[in-house]
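Printed here is my_file_19.txt (compact mmCIF, C-alpha atoms):
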```txt
# COMPACT_ATOMS: atom_id res chain seq x y z
CA MET A 174 -44.17 -143.50 50.17
CA LEU A 175 -45.49 -142.76 53.67
CA LYS A 176 -41.93 -142.71 54.94
CA LYS A 177 -41.00 -140.09 52.31
CA ILE A 178 -43.98 -137.91 53.27
CA LEU A 179 -43.06 -138.10 56.95
CA THR A 180 -39.47 -137.21 56.10
CA ILE A 181 -40.64 -134.16 54.12
CA ILE A 182 -42.94 -133.03 56.96
CA ILE A 183 -40.15 -133.39 59.52
CA THR A 184 -37.77 -131.46 57.27
CA VAL A 185 -40.28 -128.62 56.79
CA PHE A 186 -40.86 -128.28 60.53
CA ALA A 187 -37.13 -128.36 61.12
CA LEU A 188 -36.64 -125.54 58.62
CA ILE A 189 -39.43 -123.50 60.22
CA GLY A 190 -37.84 -123.98 63.62
CA CYS A 191 -34.49 -123.00 62.20
CA ASN A 192 -35.93 -119.85 60.68
CA ASN A 193 -37.66 -118.97 63.95
CA ASN A 194 -34.41 -119.47 65.81
CA GLN A 195 -32.63 -117.28 63.28
CA ASN A 196 -35.28 -114.57 63.70
CA ASN A 197 -35.01 -114.75 67.48
CA GLU A 198 -31.24 -114.67 67.25
CA GLN A 199 -31.50 -111.61 64.99
CA ILE A 200 -33.82 -109.84 67.48
CA ASN A 201 -31.46 -110.68 70.33
CA ALA A 202 -28.52 -109.55 68.23
CA ASN A 203 -30.24 -106.21 67.59
CA GLN A 204 -30.86 -105.79 71.31
CA ASN A 205 -27.29 -106.72 72.07
CA GLU A 206 -26.09 -104.06 69.64
CA VAL A 207 -27.01 -101.43 72.24
CA ILE A 208 -23.69 -100.85 73.96
CA ASN A 209 -23.10 -98.51 76.87
CA PRO A 210 -20.61 -96.01 75.41
CA PHE A 211 -20.02 -94.12 78.66
CA THR A 212 -17.12 -94.48 81.06
CA THR A 213 -16.91 -93.82 84.79
CA ASN A 214 -14.34 -92.09 86.94
CA ALA A 215 -12.61 -93.51 90.00
CA ASN A 216 -15.69 -92.75 92.12
CA GLY A 217 -18.06 -94.55 89.78
CA ARG A 218 -19.56 -91.32 88.46
CA ILE A 219 -20.66 -91.24 84.83
CA ASN A 220 -18.47 -89.15 82.53
CA SER A 221 -20.67 -86.79 80.53
CA LYS A 222 -20.39 -84.06 77.94
CA GLY A 223 -22.84 -81.27 77.27
CA ILE A 224 -23.42 -77.78 75.96
CA ALA A 225 -23.63 -75.39 78.90
CA ALA A 226 -24.63 -71.80 79.36
CA VAL A 227 -21.53 -70.24 80.89
CA SER A 228 -23.09 -66.85 81.60
CA ARG A 229 -26.19 -64.79 80.92
CA ASN A 230 -26.91 -63.30 77.52
CA ILE A 231 -26.88 -66.57 75.54
CA ASN A 232 -23.27 -67.71 75.80
CA PHE A 233 -22.75 -71.47 75.31
CA ALA A 234 -19.71 -73.73 75.45
CA THR A 235 -19.11 -77.48 75.36
CA ILE A 236 -18.11 -78.82 78.78
CA GLU A 237 -17.30 -82.13 80.43
CA PHE A 238 -18.83 -83.06 83.78
CA THR A 239 -19.95 -86.13 85.73
CA ARG A 240 -23.29 -87.53 86.83
CA HIS A 241 -24.02 -89.60 89.92
CA PRO A 242 -23.52 -93.38 89.61
CA VAL A 243 -26.34 -95.60 88.37
CA GLY A 244 -28.18 -96.73 91.49
CA GLU A 245 -30.24 -99.87 91.83
CA ASN A 246 -33.42 -98.04 90.79
CA ASP A 247 -31.79 -95.88 88.12
CA ILE A 248 -31.38 -96.06 84.38
CA LEU A 249 -28.66 -94.52 82.22
CA ILE A 250 -30.01 -92.97 79.04
CA GLU A 251 -27.97 -92.09 75.99
CA ILE A 252 -29.66 -88.88 74.89
CA LEU A 253 -30.63 -88.78 71.22
CA TYR A 254 -32.74 -85.62 71.09
CA ALA A 255 -33.36 -82.65 73.39
CA GLY A 256 -35.98 -79.97 72.91
CA ILE A 257 -35.48 -76.25 73.46
CA CYS A 258 -38.14 -74.78 75.75
CA HIS A 259 -38.61 -71.08 76.49
CA SER A 260 -38.10 -72.04 80.14
CA ASP A 261 -34.49 -72.87 79.25
CA ILE A 262 -33.98 -69.30 78.06
CA HIS A 263 -35.57 -67.82 81.19
CA SER A 264 -33.34 -70.05 83.33
CA ILE A 265 -29.98 -69.21 81.78
CA ASN A 266 -30.82 -65.50 81.71
CA GLY A 267 -31.63 -65.53 85.41
CA ASP A 268 -35.21 -64.45 84.75
CA TRP A 269 -36.49 -66.69 87.55
CA GLY A 270 -33.47 -66.38 89.85
CA ASP A 271 -29.70 -66.69 89.59
CA ALA A 272 -28.41 -69.69 87.64
CA HIS A 273 -25.48 -71.89 88.70
CA TYR A 274 -23.09 -71.41 85.78
CA PRO A 275 -21.98 -73.34 83.88
CA VAL A 276 -25.38 -74.96 83.58
CA VAL A 277 -26.58 -77.58 81.10
CA VAL A 278 -30.28 -76.92 80.60
CA GLY A 279 -32.93 -78.90 78.73
CA HIS A 280 -35.91 -80.79 80.18
CA GLU A 281 -37.31 -82.33 77.01
CA ILE A 282 -35.23 -85.48 76.64
CA ALA A 283 -35.58 -88.57 74.45
CA GLY A 284 -33.02 -91.34 74.22
CA ILE A 285 -32.18 -95.00 74.56
CA VAL A 286 -31.51 -96.98 77.73
CA VAL A 287 -27.93 -98.26 77.85
CA GLN A 288 -27.75 -99.42 81.48
CA VAL A 289 -30.27 -100.39 84.17
CA GLY A 290 -29.90 -100.74 87.92
CA SER A 291 -30.32 -104.10 89.61
CA ALA A 292 -33.84 -103.32 90.90
CA VAL A 293 -35.22 -101.71 87.73
CA THR A 294 -38.39 -103.37 86.40
CA LYS A 295 -39.90 -100.84 83.96
CA PHE A 296 -37.02 -100.65 81.48
CA LYS A 297 -34.51 -102.86 79.77
CA VAL A 298 -31.43 -102.01 77.77
CA GLY A 299 -32.48 -100.96 74.28
CA ASP A 300 -35.79 -99.33 75.27
CA TYR A 301 -36.53 -95.77 74.27
CA ALA A 302 -36.96 -93.59 77.35
CA GLY A 303 -37.85 -89.98 78.02
CA VAL A 304 -37.25 -87.50 80.81
CA GLY A 305 -39.23 -84.33 81.37
CA CYS A 306 -39.09 -81.47 83.84
CA MET A 307 -38.33 -83.35 87.06
CA VAL A 308 -36.07 -86.17 88.19
CA ASN A 309 -37.21 -86.87 91.75
CA SER A 310 -39.62 -86.03 94.57
CA CYS A 311 -40.27 -87.17 98.12
CA GLY A 312 -42.76 -89.84 97.06
CA GLU A 313 -44.49 -89.61 100.44
CA CYS A 314 -46.57 -86.43 100.55
CA GLU A 315 -50.23 -86.20 99.59
CA ASN A 316 -49.48 -84.83 96.13
CA CYS A 317 -46.83 -87.43 95.30
CA LEU A 318 -49.11 -90.23 96.46
CA ASN A 319 -51.80 -88.85 94.13
CA ASN A 320 -49.49 -88.93 91.08
CA GLN A 321 -48.92 -85.16 91.18
CA GLU A 322 -45.18 -85.22 91.82
CA GLN A 323 -44.67 -81.83 90.20
CA TYR A 324 -46.49 -80.32 93.20
CA CYS A 325 -44.46 -82.27 95.78
CA LEU A 326 -45.01 -80.59 99.15
CA ASN A 327 -41.36 -81.20 99.99
CA ARG A 328 -40.24 -79.82 96.61
CA ALA A 329 -39.67 -81.81 93.47
CA VAL A 330 -36.13 -81.98 92.10
CA PHE A 331 -36.19 -80.45 88.66
CA THR A 332 -34.11 -81.67 85.76
CA TYR A 333 -31.55 -78.89 85.64
CA ASP A 334 -30.06 -76.13 87.80
CA ASN A 335 -31.73 -77.55 90.90
CA VAL A 336 -30.30 -78.78 94.19
CA ASP A 337 -30.64 -82.58 94.26
CA ARG A 338 -31.10 -83.46 97.94
CA PHE A 339 -31.11 -87.15 97.04
CA HIS A 340 -27.57 -86.97 95.65
CA ASP A 341 -25.40 -84.93 98.02
CA ASN A 342 -27.05 -81.64 97.05
CA GLU A 343 -25.32 -81.57 93.68
CA ILE A 344 -26.75 -79.24 91.03
CA THR A 345 -28.73 -81.10 88.40
CA GLN A 346 -27.68 -80.86 84.76
CA GLY A 347 -30.15 -81.22 81.93
CA GLY A 348 -30.62 -82.66 78.50
CA TYR A 349 -28.29 -80.69 76.22
CA SER A 350 -25.86 -83.52 76.88
CA ASP A 351 -24.92 -87.01 75.82
CA ASN A 352 -26.44 -88.88 78.79
CA ILE A 353 -28.55 -88.65 81.91
CA VAL A 354 -28.99 -90.86 84.98
CA VAL A 355 -32.48 -90.91 86.44
CA SER A 356 -34.70 -93.00 88.68
CA GLU A 357 -36.96 -95.23 86.62
CA LYS A 358 -39.92 -93.60 88.39
CA PHE A 359 -39.10 -90.32 86.69
CA ALA A 360 -38.61 -91.66 83.19
CA VAL A 361 -41.32 -92.58 80.72
CA LEU A 362 -41.27 -95.52 78.34
CA ILE A 363 -41.37 -94.27 74.76
CA PRO A 364 -43.30 -96.63 72.47
CA SER A 365 -41.02 -98.33 69.96
CA ASN A 366 -43.09 -97.02 67.04
CA ALA A 367 -42.80 -93.37 68.12
CA LYS A 368 -41.27 -90.72 65.87
CA ILE A 369 -38.33 -90.44 68.21
CA GLU A 370 -37.02 -87.18 66.74
CA LYS A 371 -40.33 -85.48 67.65
CA VAL A 372 -40.93 -86.99 71.08
CA ALA A 373 -38.77 -84.75 73.29
CA PRO A 374 -41.05 -81.66 73.29
CA LEU A 375 -44.00 -83.82 74.31
CA LEU A 376 -42.35 -84.25 77.71
CA CYS A 377 -42.90 -80.58 78.51
CA ALA A 378 -45.08 -78.85 75.91
CA GLY A 379 -47.17 -81.98 75.44
CA VAL A 380 -48.01 -82.78 79.04
CA THR A 381 -48.30 -79.11 80.03
CA THR A 382 -51.23 -78.72 77.63
CA TYR A 383 -52.62 -82.26 77.89
CA SER A 384 -53.05 -81.97 81.68
CA PRO A 385 -55.48 -79.00 81.85
CA ILE A 386 -57.42 -80.42 78.92
CA GLN A 387 -58.02 -83.52 81.04
CA VAL A 388 -59.00 -81.38 84.04
CA MET A 389 -61.46 -79.40 81.92
CA LYS A 390 -62.85 -82.60 80.38
CA ILE A 391 -63.00 -81.00 76.95
CA LYS A 392 -65.28 -82.93 74.60
CA LYS A 393 -66.75 -82.88 71.13
CA GLY A 394 -68.50 -79.63 70.28
CA ASP A 395 -66.92 -77.54 73.05
CA LYS A 396 -65.75 -74.08 72.05
CA VAL A 397 -62.10 -73.81 73.05
CA GLY A 398 -59.76 -70.84 72.80
CA VAL A 399 -55.99 -71.27 72.70
CA ALA A 400 -54.10 -68.06 73.46
CA GLY A 401 -50.50 -68.11 72.29
CA PHE A 402 -49.79 -70.31 69.28
CA GLY A 403 -46.21 -71.36 69.91
CA GLY A 404 -44.57 -74.44 71.37
CA LEU A 405 -47.29 -75.02 73.96
CA GLY A 406 -50.22 -73.56 72.06
CA HIS A 407 -49.84 -75.68 68.95
CA MET A 408 -49.94 -78.82 71.11
CA ALA A 409 -53.10 -77.61 72.87
CA VAL A 410 -54.73 -77.06 69.49
CA GLN A 411 -53.94 -80.59 68.32
CA TYR A 412 -55.25 -82.23 71.50
CA ALA A 413 -58.45 -80.17 71.55
CA VAL A 414 -59.13 -80.76 67.85
CA LYS A 415 -58.61 -84.50 68.32
CA LEU A 416 -61.30 -84.44 71.02
CA GLY A 417 -63.72 -82.82 68.59
CA ALA A 418 -63.64 -79.28 69.98
CA ASP A 419 -64.13 -76.17 67.86
CA VAL A 420 -60.85 -74.33 68.41
CA THR A 421 -60.15 -70.62 68.10
CA VAL A 422 -56.48 -69.61 68.09
CA PHE A 423 -55.28 -66.24 69.43
CA ASP A 424 -51.87 -64.85 68.52
CA ILE A 425 -50.18 -61.53 67.76
CA THR A 426 -49.13 -62.05 64.12
CA GLU A 427 -50.59 -63.11 60.80
CA ASP A 428 -47.90 -65.59 59.82
CA LYS A 429 -49.43 -68.51 61.76
CA ARG A 430 -52.98 -68.23 60.47
CA GLU A 431 -52.49 -70.96 57.86
CA ASP A 432 -50.74 -73.25 60.35
CA ALA A 433 -53.68 -72.95 62.74
CA SER A 434 -56.09 -73.88 59.97
CA ASN A 435 -53.95 -76.83 58.92
CA MET A 436 -54.05 -78.14 62.50
CA GLY A 437 -57.84 -78.00 62.54
CA ALA A 438 -58.62 -74.65 64.18
CA VAL A 439 -61.91 -73.17 62.96
CA LYS A 440 -60.91 -69.57 63.65
CA TYR A 441 -57.76 -67.47 64.01
CA VAL A 442 -57.74 -64.17 65.88
CA ASN A 443 -54.89 -61.70 65.50
CA VAL A 444 -55.26 -59.77 68.75
CA ASN A 445 -53.51 -56.79 67.19
CA ASN A 446 -56.32 -56.55 64.65
CA ASN A 447 -59.39 -54.87 66.15
CA ASN A 448 -61.66 -56.35 63.50
CA ASP A 449 -60.69 -59.88 64.60
CA LEU A 450 -61.66 -59.06 68.19
CA GLN A 451 -65.26 -58.18 67.47
CA ASN A 452 -68.19 -60.22 68.85
CA LEU A 453 -66.14 -62.65 70.96
CA ASP A 454 -67.65 -62.06 74.42
CA ASN A 455 -69.48 -65.07 75.92
CA THR A 456 -68.52 -67.38 73.06
CA LEU A 457 -66.03 -69.86 74.56
CA ASP A 458 -66.41 -72.75 77.01
CA TYR A 459 -62.70 -72.96 77.79
CA ILE A 460 -59.52 -70.99 77.22
CA ILE A 461 -55.98 -72.33 77.49
CA SER A 462 -53.44 -69.52 77.83
CA ALA A 463 -49.86 -70.29 76.86
CA ILE A 464 -48.82 -66.63 76.65
CA PRO A 465 -45.38 -66.13 78.30
CA ALA A 466 -45.78 -62.36 78.82
CA ARG A 467 -48.16 -59.76 80.24
CA TYR A 468 -51.52 -59.51 78.53
CA ASP A 469 -55.10 -58.35 79.05
CA LEU A 470 -56.57 -61.12 81.17
CA ASN A 471 -59.95 -59.40 81.43
CA MET A 472 -60.32 -59.47 77.66
CA TYR A 473 -59.97 -63.26 77.57
CA MET A 474 -62.09 -63.88 80.66
CA SER A 475 -64.93 -61.87 79.10
CA MET A 476 -64.93 -64.30 76.18
CA LEU A 477 -65.96 -67.18 78.45
CA LYS A 478 -69.54 -68.35 78.61
CA ARG A 479 -71.34 -68.92 81.91
CA GLY A 480 -69.31 -71.43 83.93
CA GLY A 481 -66.40 -71.16 81.53
CA GLU A 482 -62.86 -71.99 82.65
CA MET A 483 -59.47 -70.54 81.81
CA ALA A 484 -56.17 -72.34 82.42
CA ILE A 485 -52.96 -70.31 82.82
CA LEU A 486 -49.86 -72.14 81.58
CA GLY A 487 -47.39 -69.48 80.41
CA ILE A 488 -44.87 -68.13 82.94
CA PRO A 489 -43.03 -64.93 81.96
CA ALA A 490 -39.82 -63.51 83.40
CA VAL A 491 -40.14 -62.22 86.97
CA ASN A 492 -39.82 -58.62 85.83
CA GLN A 493 -42.76 -59.14 83.47
CA MET A 494 -44.99 -60.84 86.00
CA ALA A 495 -47.88 -58.87 87.42
CA SER A 496 -50.52 -59.53 90.02
CA LEU A 497 -53.66 -60.90 88.41
CA ASN A 498 -55.84 -57.93 87.64
CA ILE A 499 -59.31 -59.31 87.02
CA GLY A 500 -62.44 -57.28 87.45
CA ASP A 501 -64.73 -58.77 90.09
CA PHE A 502 -67.68 -58.44 87.76
CA VAL A 503 -65.86 -60.36 85.02
CA LEU A 504 -65.64 -63.39 87.32
CA ALA A 505 -68.95 -63.02 89.11
CA ASN A 506 -71.02 -62.37 86.01
CA GLY A 507 -71.24 -65.86 84.63
CA SER A 508 -69.55 -67.89 87.37
CA ARG A 509 -66.31 -67.96 85.41
CA LYS A 510 -63.26 -69.75 86.77
CA ILE A 511 -59.50 -69.40 86.37
CA PHE A 512 -56.79 -71.85 87.44
CA GLY A 513 -53.10 -72.51 86.96
CA SER A 514 -51.45 -75.70 85.78
CA MET A 515 -47.81 -76.84 85.72
CA ILE A 516 -46.60 -79.75 83.57
CA GLY A 517 -48.04 -83.07 84.83
CA GLY A 518 -47.32 -85.99 87.12
CA MET A 519 -45.44 -89.05 85.92
CA LYS A 520 -48.53 -91.20 85.35
CA GLU A 521 -50.17 -88.41 83.38
CA THR A 522 -46.98 -87.88 81.38
CA GLN A 523 -46.92 -91.56 80.40
CA ASP A 524 -50.63 -91.42 79.53
CA MET A 525 -50.04 -88.32 77.40
CA LEU A 526 -47.15 -89.94 75.57
CA ASP A 527 -49.05 -93.15 74.84
CA TYR A 528 -52.07 -91.16 73.66
CA SER A 529 -49.97 -88.86 71.47
CA VAL A 530 -48.11 -91.68 69.73
CA ALA A 531 -51.30 -93.73 69.25
CA ASN A 532 -53.05 -90.73 67.66
CA ASP A 533 -50.04 -89.42 65.71
CA ILE A 534 -49.99 -86.14 67.64
CA TYR A 535 -46.53 -84.59 67.58
CA PRO A 536 -45.00 -81.13 67.76
CA GLU A 537 -43.80 -79.35 64.66
CA VAL A 538 -40.02 -79.33 65.04
CA GLU A 539 -36.89 -77.98 63.41
CA ILE A 540 -33.81 -80.14 64.03
CA ILE A 541 -30.50 -78.41 64.75
CA ASN A 542 -26.99 -79.65 65.49
CA ALA A 543 -25.58 -79.88 69.00
CA GLU A 544 -23.14 -77.00 68.61
CA PRO A 545 -22.82 -73.91 70.83
CA ARG A 546 -23.23 -71.46 67.94
CA ALA A 547 -26.31 -73.33 66.64
CA LEU A 548 -27.93 -73.11 70.08
CA GLU A 549 -27.15 -69.43 70.38
CA GLU A 550 -28.78 -68.76 67.02
CA ALA A 551 -31.81 -70.86 67.98
CA TYR A 552 -32.23 -68.97 71.26
CA ARG A 553 -32.10 -65.62 69.48
CA ASN A 554 -34.72 -66.87 67.03
CA VAL A 555 -37.01 -67.98 69.85
CA ILE A 556 -36.69 -64.62 71.58
CA GLY A 557 -37.26 -62.80 68.30
CA GLY A 558 -40.30 -64.90 67.40
CA LYS A 559 -38.57 -66.33 64.34
CA VAL A 560 -39.35 -69.96 65.13
CA LYS A 561 -42.94 -71.05 64.80
CA PHE A 562 -43.04 -73.94 67.21
CA ARG A 563 -40.13 -76.02 68.58
CA TYR A 564 -36.41 -76.53 68.04
CA VAL A 565 -35.00 -79.99 68.77
CA ILE A 566 -31.27 -80.62 69.18
CA ASP A 567 -29.81 -83.74 67.58
CA MET A 568 -27.53 -84.75 70.44
CA LYS A 569 -25.88 -87.42 68.29
CA THR A 570 -24.01 -84.55 66.59
CA LEU A 571 -22.35 -83.47 69.85
CA ASN A 572 -18.55 -83.43 69.57
```

I'd like the structure from this file rewritten - as structure tokens, please.
Amino acid sequence: MLKKILTIIITVFALIGCNNNQNNEQINANQNEVINPFTTNANGRINSKGIAAVSRNINFATIEFTRHPVGENDILIEILYAGICHSDIHSINGDWGDAHYPVVVGHEIAGIVVQVGSAVTKFKVGDYAGVGCMVNSCGECENCLNNQEQYCLNRAVFTYDNVDRFHDNEITQGGYSDNIVVSEKFAVLIPSNAKIEKVAPLLCAGVTTYSPIQVMKIKKGDKVGVAGFGGLGHMAVQYAVKLGADVTVFDITEDKREDASNMGAVKYVNVNNNNDLQNLDNTLDYIISAIPARYDLNMYMSMLKRGGEMAILGIPAVNQMASLNIGDFVLANGSRKIFGSMIGGMKETQDMLDYSVANDIYPEVEIINAEPRALEEAYRNVIGGKVKFRYVIDMKTLN
């Protein structure tokens, strides 16, 4: 009898071990299913395909090009989704300087790692990875050493239409493409439970708003204004609401009032409605401005309480930029402050991403196909104010 019992026990443990082995084999099999689909040319460069702006005035075409080889510290990402940022439109239209056509733009990138360099430690094949607005920096200046690579004193290398001094001065190409090669230092690890189709805009719109909120140290009960309720603004609202702030949204139309309320804003101000603008002076602790055009800065500064702070995030076209015209008394009367902020460093970007996924904070997105005509229509809609928040391109549909 004892022998039978021992036999049964041994059999049960054997079955458990077998099942565990099968589960492990299945996990390994799933990881092994990630195959690098990209080929190289005779020089080891990665063959790539993307949708490029071939001239100003929103004119796209599918092109083939190559990326630099995967170095020992690099990863190769198969791009799954790419966000459309208003910066992309400014860039291809030459609003901030002449573009190098044809140019593949896009600095909101989410994908899957399909190859890693020999010295890579942060990623493995099969991980989700993201790339934002920059792909390199000197790594040695004061700002880089303080995790503020976007302010590199020797100039950061931005994700597209930028001279890459680390790779023979080639012009960088962005995320409206099927792949990207990047140093692991300039990629973020996307949590496996993330809503991958919504992650890409976090890598620009997310960190651009998250960063000044951290600087301001916004907390529960603070009165926070968000000016401009678009791709950036709606992220700022979500972060501030999550921290317990009372948020007032400022925009120029009525059609986003309900959206602001649904995201937790306590008040919505249509700045084109004089009635909405009454009794707002000295009511806000902080203001985050994501307005990408000229506007009345004095009006917003007057809304700040004593010691209040305003962060400027939106960058308009050069021909719409103006010198800051702030009345001395507006600043002096109440010790008000104003500062600028641009995206975030790599550590802060990873922190933002982890925080966003953990707290289910994502952009509102509309998914479109990776087709030139679809991008042209999306761009016209952004310019015409016909999209509420963010477009995301499904790069898996690229042909």

Can you tell me, as a PyMOL selection string, which residues sit within 6 Å of (-25.7, -73.0, 78.9) in the file's frame, using only C-alpha atoms?
chain A and resi 225-227+233+276-277

Coordinates-based distance that separates CA of Pro465 in chain A from CA of Ile488 in chain A (Å, one decimal):
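These atoms are spaced 5.1 Å apart.
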
Using all atoms listed in the file: which of A:Gly513, A:Gly500, A:Gly223, A:Gly299 has the shortest distance to Glu544 in chain A
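The answer is A:Gly223, which sits nearest to Glu544 in chain A.
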
Once you count all atoms listed in the file, what closest atom pair and distance in Å to one decimal does each residue of range 304-363 of chain A within 12 Å of range 284-298 of chain A have, with rows by chain and rising residue number, as CSV?
```
residue,atom,partner,partner_atom,distance
A:Val304,CA,A:Gly284,CA,8.7
A:Gly305,CA,A:Gly284,CA,11.8
A:Gly348,CA,A:Gly284,CA,10.0
A:Tyr349,CA,A:Gly284,CA,11.8
A:Ser350,CA,A:Gly284,CA,10.9
A:Asp351,CA,A:Gly284,CA,9.3
A:Asn352,CA,A:Gly284,CA,8.4
A:Ile353,CA,A:Gly284,CA,9.3
A:Val354,CA,A:Gln288,CA,9.3
A:Val355,CA,A:Val289,CA,10.0
A:Ser356,CA,A:Val293,CA,8.8
A:Glu357,CA,A:Val293,CA,6.8
A:Lys358,CA,A:Lys295,CA,8.5
A:Phe359,CA,A:Lys295,CA,10.9
A:Ala360,CA,A:Phe296,CA,9.3
A:Val361,CA,A:Lys295,CA,9.0
A:Leu362,CA,A:Phe296,CA,7.4
A:Ile363,CA,A:Gly284,CA,8.9
```

With all atoms listed in the file as the atoms that count, which of A:Pro210, A:Gly557, A:Gly518, A:Gly507 lies nearest to Leu376 in chain A?
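Among the listed residues, the smallest separation from Leu376 in chain A belongs to A:Gly518.
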
Rank nothing, just name the residue among A:Ala215, A:Asp449, A:Asn327, A:Asp567 nearest to Glu315 in chain A, using all atoms listed in the file.
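Closest to Glu315 in chain A, using all atoms listed in the file: A:Asn327.
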
Contacts of Asn319 in chain A within 12 Å, all atoms listed in the file, excl. fewer than 6 positions in-chain, as a list in words:
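Counting all atoms listed in the file, the residues come to Gly312, Glu313, Cys325, Leu326, Gly517, Gly518, Met519, Lys520 and Glu521 of chain A.
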
Here is a test: counting all atoms listed in the file, which residue of A:Val503, A:Val207, A:Ile516, A:Ala400 is nearest to Phe331 in chain A?
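Among the listed residues, A:Ile516 lies closest to Phe331 in chain A.
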
Atom pair CA of His407 in chain A / CA of Asn230 in chain A: separation (Å)
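Distance between the two atoms: 27.4 Å.
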
Between CA of Leu253 in chain A and CA of Asn342 in chain A, what is the distance in Å, rounded to a tenth?
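Between these atoms lies a distance of 27.0 Å.
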
All residues 8 Å or closer to Gln493 in chain A, only C-alpha atoms, same chain fewer than 2 positions away omitted, as a list in words:
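Counting only the stated atoms, we get Ala466, Arg467, Pro489, Ala490, Val491 and Ala495 of chain A.
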
So, counting only C-alpha atoms, which residue among A:Asn220, A:Ser514, A:Gln387, A:Asn445 is closest to Asp424 in chain A?
A:Asn445

Neighbour list for Val530 in chain A as a PDB file with C-alpha atoms, in the coordinates of the input, cut-off 8 Å, only C-alpha atoms, skip fewer than 2 positions in-chain:
```
ATOM      1  CA  PRO A 364     -43.300 -96.630  72.470  1.00  0.00           C
ATOM      2  CA  ASN A 366     -43.090 -97.020  67.040  1.00  0.00           C
ATOM      3  CA  ALA A 367     -42.800 -93.370  68.120  1.00  0.00           C
ATOM      4  CA  LYS A 368     -41.270 -90.720  65.870  1.00  0.00           C
ATOM      5  CA  LEU A 526     -47.150 -89.940  75.570  1.00  0.00           C
ATOM      6  CA  ASP A 527     -49.050 -93.150  74.840  1.00  0.00           C
ATOM      7  CA  TYR A 528     -52.070 -91.160  73.660  1.00  0.00           C
ATOM      8  CA  ASN A 532     -53.050 -90.730  67.660  1.00  0.00           C
ATOM      9  CA  ASP A 533     -50.040 -89.420  65.710  1.00  0.00           C
ATOM     10  CA  ILE A 534     -49.990 -86.140  67.640  1.00  0.00           C
ATOM     11  CA  TYR A 535     -46.530 -84.590  67.580  1.00  0.00           C
TER      12      TYR A 535
END
```

From the options A:Ile208, A:Arg218, A:Trp269, A:Glu427, which residue's atoms come nearest to Gly244 in chain A, counting all atoms listed in the file?
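Ranked by minimum distance to Gly244 in chain A, first place goes to A:Arg218.
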
When you look at Leu457 in chain A with a cut-off of 8 Å (counting all atoms listed in the file), what residues show up, excluding the ones that are within fewer than 5 positions of it in the same chain? I need them as a PyMOL selection string.
chain A and resi 395-398+476-478+481

For Ile464 in chain A, work out the shell of residues within 10 Å, counting only C-alpha atoms and skipping chain neighbours fewer than 4 positions away, then give it as a PDB file with C-alpha atoms, keeping the file's coordinate frame.
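Wrote it out as part.pdb, contents follow:
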```pdb
ATOM      1  CA  VAL A 399     -55.990 -71.270  72.700  1.00  0.00           C
ATOM      2  CA  ALA A 400     -54.100 -68.060  73.460  1.00  0.00           C
ATOM      3  CA  GLY A 401     -50.500 -68.110  72.290  1.00  0.00           C
ATOM      4  CA  PHE A 402     -49.790 -70.310  69.280  1.00  0.00           C
ATOM      5  CA  GLY A 403     -46.210 -71.360  69.910  1.00  0.00           C
ATOM      6  CA  LEU A 405     -47.290 -75.020  73.960  1.00  0.00           C
ATOM      7  CA  GLY A 406     -50.220 -73.560  72.060  1.00  0.00           C
ATOM      8  CA  PHE A 423     -55.280 -66.240  69.430  1.00  0.00           C
ATOM      9  CA  ASP A 424     -51.870 -64.850  68.520  1.00  0.00           C
ATOM     10  CA  TYR A 468     -51.520 -59.510  78.530  1.00  0.00           C
ATOM     11  CA  ILE A 485     -52.960 -70.310  82.820  1.00  0.00           C
ATOM     12  CA  LEU A 486     -49.860 -72.140  81.580  1.00  0.00           C
ATOM     13  CA  GLY A 487     -47.390 -69.480  80.410  1.00  0.00           C
ATOM     14  CA  ILE A 488     -44.870 -68.130  82.940  1.00  0.00           C
ATOM     15  CA  PRO A 489     -43.030 -64.930  81.960  1.00  0.00           C
TER      16      PRO A 489
END
```
